[in-house]
Amino acid sequence: MGLKSYRPITPSSRYKLLPDFEEVTASSPEKSLCRPLKKSGGRNNQGRITCRHKGGGHKRKYRLIDFKRSRRDEVAKVVSIEYDPNRTARIALIEYPDSQRSYIIAPKGLEVDGVVSAGENAPIKPGCALPLGNIPTGSTIHNVELTPGKGGQIARSAGQGCILSNREGNYALVKLPSGEIRKIHTSCYATIGTVGNIQHEQVVSAKAGRSRWLGIRPTVRGMCMNPVDHPNGGGEGKSKSGGGRQHLKSPWGHAKGQKTRQKYKGSDKFIIERRKTKKRRR
């Protein structure tokens with residue numbers, strides 16, 4: 001995967017860097033694996049906005065991804081590498097001997113006509129899924145399960161990968177992309193390799209219209225609003241004090257960046273080391 005730059009003949013093309021889609025081999029998705037996708041506009045079932053800055057965007061169809069890798073000890077052939085508008089990673093269409101097809105997250109290095117499998121005896125190569133107890137320590141993995149049989153939940157976006165650092169009894173120590181080290185049961189499945197489309201974070205859209213195509217609406221700073229609209233609003237000029245009584249909390253939750261994780265959570269016992277935090281300057 002590479003990035004494509006453009007001649008600066010217009011303001012929007014001056015800094016534009018977009019993917020060249022060289023790894024994509026199919027122009028249309030597998031219809032049997034597509035489902036309708038209704039837009040919420042960031043609203044809940046009562047019509048109230050619960051997630052701001054969402055709305056519009058191009059029409060999409062959802063691709064059913066096999067995060068569980070449910071068919072074990074069967075070899076599947078990679079038919080194509082496709083673009084998925086619902087995620088940053090590319091997806092791979094695989095076909096089993098009985099002609100059943102499914103989508104999986106496409107790791108780096110997986111190519112058309114390659115073969116993948118899932119199971120305890122699967123080979124250690126990109127795209128193959130194995131239990132954490134059968135993967136060599138030091139391996140890079142993605143699509144990692146947290147609960148056996150639930151399906152992959154960790155490291156599914158472009159360029160992401162975890163490191164299987166060690167094993168202690170029935171648990172494996174996995175270093176997550178955030179830097180957190182977590183204990184995960186060795187019966188949980190994970191896929192070998194790093195998620196493809198590594199250069200996604202270097203993409204420069206260069207214009208607001210491209211964000212609107214993705215369904216992202218404009219974001220306005222709270223400090224520019226009125227006190228009725230945001231806890232940080234109000235004040236004469238550029239006021240950091242809010243111009244009056246500071247409501248550090250809005251009626252719907254925090255507005256100043258406080259941590260929202262529960263103080264005492266059942267999964268805390270599985271966290272060996274917290275994710276990296278920025279060092280404060282002295």
# chains A, B, ... in the order shown; residues from 1 in each chain; ligands from 1

$ residues_around --residues "Gly152 (chain A)" --least-positions-apart "3" --cutoff "8 Å" --atoms "only C-alpha atoms" --output "short mmCIF file (atom, residue, chain, number, x, y, z; two decimals) with N, CA and C atoms, in the first residue's frame"
data_model
loop_
_atom_site.label_atom_id
_atom_site.label_comp_id
_atom_site.auth_asym_id
_atom_site.auth_seq_id
_atom_site.Cartn_x
_atom_site.Cartn_y
_atom_site.Cartn_z
N PHE A 67 -14.99 -12.41 12.50
CA PHE A 67 -14.01 -12.15 13.55
C PHE A 67 -13.76 -13.40 14.40
N LYS A 68 -14.68 -14.36 14.39
CA LYS A 68 -14.53 -15.57 15.20
C LYS A 68 -13.66 -16.63 14.54
N ASN A 143 -6.54 -8.96 15.78
CA ASN A 143 -7.87 -9.56 15.92
C ASN A 143 -7.89 -10.52 17.11
N VAL A 144 -7.52 -10.01 18.27
CA VAL A 144 -7.34 -10.83 19.47
C VAL A 144 -8.64 -10.90 20.27
N GLU A 145 -9.00 -12.11 20.68
CA GLU A 145 -10.17 -12.30 21.53
C GLU A 145 -9.84 -11.95 22.97
N LEU A 146 -10.83 -11.42 23.70
CA LEU A 146 -10.71 -11.21 25.14
C LEU A 146 -11.47 -12.28 25.90
N ARG A 156 -7.84 -4.28 15.41
CA ARG A 156 -8.53 -4.59 14.17
C ARG A 156 -8.44 -3.45 13.15
N TYR A 189 -8.47 -16.96 20.71
CA TYR A 189 -7.84 -16.99 19.39
C TYR A 189 -7.30 -15.62 19.00
N ALA A 190 -6.26 -15.63 18.19
CA ALA A 190 -5.68 -14.41 17.62
C ALA A 190 -5.14 -14.76 16.24
#

$ residues_around --residues "region 268-277 of chain A" --least-positions-apart "3" --cutoff "7 Å" --atoms "only C-alpha atoms" --output "PyMOL selection string"
chain A and resi 178-183+265

$ closest_residue --among "A:Gly266, A:Pro97, A:Gly159, A:Gly215" --to "Ser40 (chain A)" --atoms "only C-alpha atoms"
A:Gly215

$ residues_around --residues "Ile192 (chain A)" --least-positions-apart "4" --cutoff "12 Å" --atoms "only C-alpha atoms" --output "PyMOL selection string"
chain A and resi 105-110+116-118+122-132+134-144+155+160-164+196

$ select_by_dssp --residues "region 53-279 of chain A" --states "strand (DSSP E or B)" --output "JSON, numbers by chain"
{"A": [54, 61, 62, 63, 65, 76, 77, 78, 79, 80, 81, 82, 91, 92, 93, 94, 95, 101, 102, 103, 104, 105, 107, 115, 116, 118, 129, 130, 131, 140, 141, 142, 144, 145, 152, 153, 154, 162, 163, 164, 165, 166, 167, 168, 171, 172, 173, 174, 175, 181, 182, 183, 184, 185, 189, 190, 191, 192, 195, 204, 216, 249, 250, 253, 254, 271, 272, 273]}

$ closest_residue --among "A:Asn86, A:Asn166, A:Ser250, A:Thr147" --to "Arg63 (chain A)" --atoms "only C-alpha atoms"
A:Asn86

$ residues_around --residues "Ser205 (chain A)" --least-positions-apart "2" --cutoff "8 Å" --atoms "only C-alpha atoms" --output "list of chain:residue names"
A:Lys16, A:Leu17, A:Leu18, A:Val203, A:Lys207, A:Ala208, A:Arg210, A:Ser211

$ write_last_selection --atoms "C-alpha atoms" --output "mmCIF file, in the first residue's frame"
data_model
loop_
_atom_site.group_PDB
_atom_site.id
_atom_site.type_symbol
_atom_site.label_atom_id
_atom_site.label_comp_id
_atom_site.auth_asym_id
_atom_site.auth_seq_id
_atom_site.Cartn_x
_atom_site.Cartn_y
_atom_site.Cartn_z
ATOM 1 C CA LYS A 16 -3.573 15.951 -0.592
ATOM 2 C CA LEU A 17 -2.221 12.455 0.147
ATOM 3 C CA LEU A 18 -4.594 9.600 -0.586
ATOM 4 C CA VAL A 203 -3.476 10.196 4.689
ATOM 5 C CA LYS A 207 -10.455 19.591 2.332
ATOM 6 C CA ALA A 208 -13.526 19.642 4.507
ATOM 7 C CA ARG A 210 -13.919 14.736 2.109
ATOM 8 C CA SER A 211 -14.775 14.610 5.820
#

$ atom_distance --atom1 "CA of Lys256 (chain A)" --atom2 "CA of Gly235 (chain A)"
17.2 Å

$ closest_residue --among "A:Val78, A:Ala255, A:Val115, A:Ile154" --to "His230 (chain A)" --atoms "only C-alpha atoms"
A:Ala255

$ closest_residue --among "A:Ile104, A:Ile81, A:Cys51, A:Cys188" --to "Thr219 (chain A)" --atoms "only C-alpha atoms"
A:Cys51

$ closest_residue --among "A:Lys4, A:Arg71, A:Thr50, A:Arg60" --to "Gly253 (chain A)" --atoms "only C-alpha atoms"
A:Thr50

$ select_by_dssp --residues "region 180-279 of chain A" --states "alpha helix (DSSP H)" --output "NGL selection string"
:A and (208-213)

$ write_last_selection --atoms "C-alpha atoms" --output "short mmCIF file (atom, residue, chain, number, x, y, z; two decimals), in the first residue's frame"
data_model
loop_
_atom_site.label_atom_id
_atom_site.label_comp_id
_atom_site.auth_asym_id
_atom_site.auth_seq_id
_atom_site.Cartn_x
_atom_site.Cartn_y
_atom_site.Cartn_z
CA ALA A 208 -13.53 19.64 4.51
CA GLY A 209 -15.71 18.07 1.84
CA ARG A 210 -13.92 14.74 2.11
CA SER A 211 -14.77 14.61 5.82
CA ARG A 212 -18.42 15.22 4.94
CA TRP A 213 -18.31 12.27 2.52
#

$ atom_distance --atom1 "CA of Ile216 (chain A)" --atom2 "CA of Gly42 (chain A)"
10.3 Å

$ atom_distance --atom1 "CA of Val228 (chain A)" --atom2 "CA of Leu214 (chain A)"
29.5 Å

$ decode --residues "region 71-89 of chain A" --atoms "N, CA and C atoms" --output "PDB file, in the first residue's frame"
ATOM      1  N   ARG A  71     -14.708 -21.546  11.279  1.00  0.00           N
ATOM      2  CA  ARG A  71     -14.410 -22.814  10.593  1.00  0.00           C
ATOM      3  C   ARG A  71     -12.962 -23.198  10.868  1.00  0.00           C
ATOM      4  N   ARG A  72     -12.798 -24.232  11.680  1.00  0.00           N
ATOM      5  CA  ARG A  72     -11.481 -24.627  12.150  1.00  0.00           C
ATOM      6  C   ARG A  72     -10.931 -25.799  11.334  1.00  0.00           C
ATOM      7  N   ASP A  73      -9.603 -25.855  11.234  1.00  0.00           N
ATOM      8  CA  ASP A  73      -8.879 -26.939  10.558  1.00  0.00           C
ATOM      9  C   ASP A  73      -9.318 -27.123   9.110  1.00  0.00           C
ATOM     10  N   GLU A  74      -9.649 -26.004   8.459  1.00  0.00           N
ATOM     11  CA  GLU A  74      -9.987 -26.026   7.040  1.00  0.00           C
ATOM     12  C   GLU A  74      -9.168 -24.963   6.336  1.00  0.00           C
ATOM     13  N   VAL A  75      -8.643 -25.331   5.182  1.00  0.00           N
ATOM     14  CA  VAL A  75      -7.818 -24.399   4.408  1.00  0.00           C
ATOM     15  C   VAL A  75      -8.712 -23.600   3.467  1.00  0.00           C
ATOM     16  N   ALA A  76      -8.542 -22.287   3.489  1.00  0.00           N
ATOM     17  CA  ALA A  76      -9.330 -21.404   2.625  1.00  0.00           C
ATOM     18  C   ALA A  76      -8.389 -20.643   1.703  1.00  0.00           C
ATOM     19  N   LYS A  77      -8.854 -20.378   0.519  1.00  0.00           N
ATOM     20  CA  LYS A  77      -8.063 -19.659  -0.486  1.00  0.00           C
ATOM     21  C   LYS A  77      -8.482 -18.200  -0.525  1.00  0.00           C
ATOM     22  N   VAL A  78      -7.517 -17.313  -0.651  1.00  0.00           N
ATOM     23  CA  VAL A  78      -7.794 -15.873  -0.731  1.00  0.00           C
ATOM     24  C   VAL A  78      -8.217 -15.542  -2.155  1.00  0.00           C
ATOM     25  N   VAL A  79      -9.446 -15.051  -2.285  1.00  0.00           N
ATOM     26  CA  VAL A  79      -9.990 -14.741  -3.613  1.00  0.00           C
ATOM     27  C   VAL A  79      -9.650 -13.317  -4.018  1.00  0.00           C
ATOM     28  N   SER A  80      -9.768 -12.370  -3.097  1.00  0.00           N
ATOM     29  CA  SER A  80      -9.505 -10.969  -3.435  1.00  0.00           C
ATOM     30  C   SER A  80      -9.238 -10.162  -2.175  1.00  0.00           C
ATOM     31  N   ILE A  81      -8.603  -9.028  -2.357  1.00  0.00           N
ATOM     32  CA  ILE A  81      -8.411  -8.025  -1.312  1.00  0.00           C
ATOM     33  C   ILE A  81      -9.300  -6.841  -1.674  1.00  0.00           C
ATOM     34  N   GLU A  82     -10.153  -6.415  -0.741  1.00  0.00           N
ATOM     35  CA  GLU A  82     -11.162  -5.407  -1.062  1.00  0.00           C
ATOM     36  C   GLU A  82     -11.100  -4.213  -0.114  1.00  0.00           C
ATOM     37  N   TYR A  83     -11.679  -3.118  -0.585  1.00  0.00           N
ATOM     38  CA  TYR A  83     -11.839  -1.914   0.222  1.00  0.00           C
ATOM     39  C   TYR A  83     -13.123  -2.019   1.028  1.00  0.00           C
ATOM     40  N   ASP A  84     -13.062  -1.627   2.290  1.00  0.00           N
ATOM     41  CA  ASP A  84     -14.246  -1.625   3.147  1.00  0.00           C
ATOM     42  C   ASP A  84     -14.489  -0.204   3.630  1.00  0.00           C
ATOM     43  N   PRO A  85     -15.613   0.414   3.254  1.00  0.00           N
ATOM     44  CA  PRO A  85     -15.867   1.801   3.671  1.00  0.00           C
ATOM     45  C   PRO A  85     -16.177   1.942   5.148  1.00  0.00           C
ATOM     46  N   ASN A  86     -16.387   0.832   5.850  1.00  0.00           N
ATOM     47  CA  ASN A  86     -16.774   0.894   7.255  1.00  0.00           C
ATOM     48  C   ASN A  86     -15.592   0.783   8.209  1.00  0.00           C
ATOM     49  N   ARG A  87     -14.381   0.591   7.696  1.00  0.00           N
ATOM     50  CA  ARG A  87     -13.203   0.431   8.564  1.00  0.00           C
ATOM     51  C   ARG A  87     -11.967   0.916   7.824  1.00  0.00           C
ATOM     52  N   THR A  88     -10.894   1.149   8.584  1.00  0.00           N
ATOM     53  CA  THR A  88      -9.658   1.633   7.974  1.00  0.00           C
ATOM     54  C   THR A  88      -8.840   0.513   7.347  1.00  0.00           C
ATOM     55  N   ALA A  89      -9.030  -0.712   7.797  1.00  0.00           N
ATOM     56  CA  ALA A  89      -8.274  -1.842   7.261  1.00  0.00           C
ATOM     57  C   ALA A  89      -8.897  -2.342   5.964  1.00  0.00           C
TER      58      ALA A  89
END
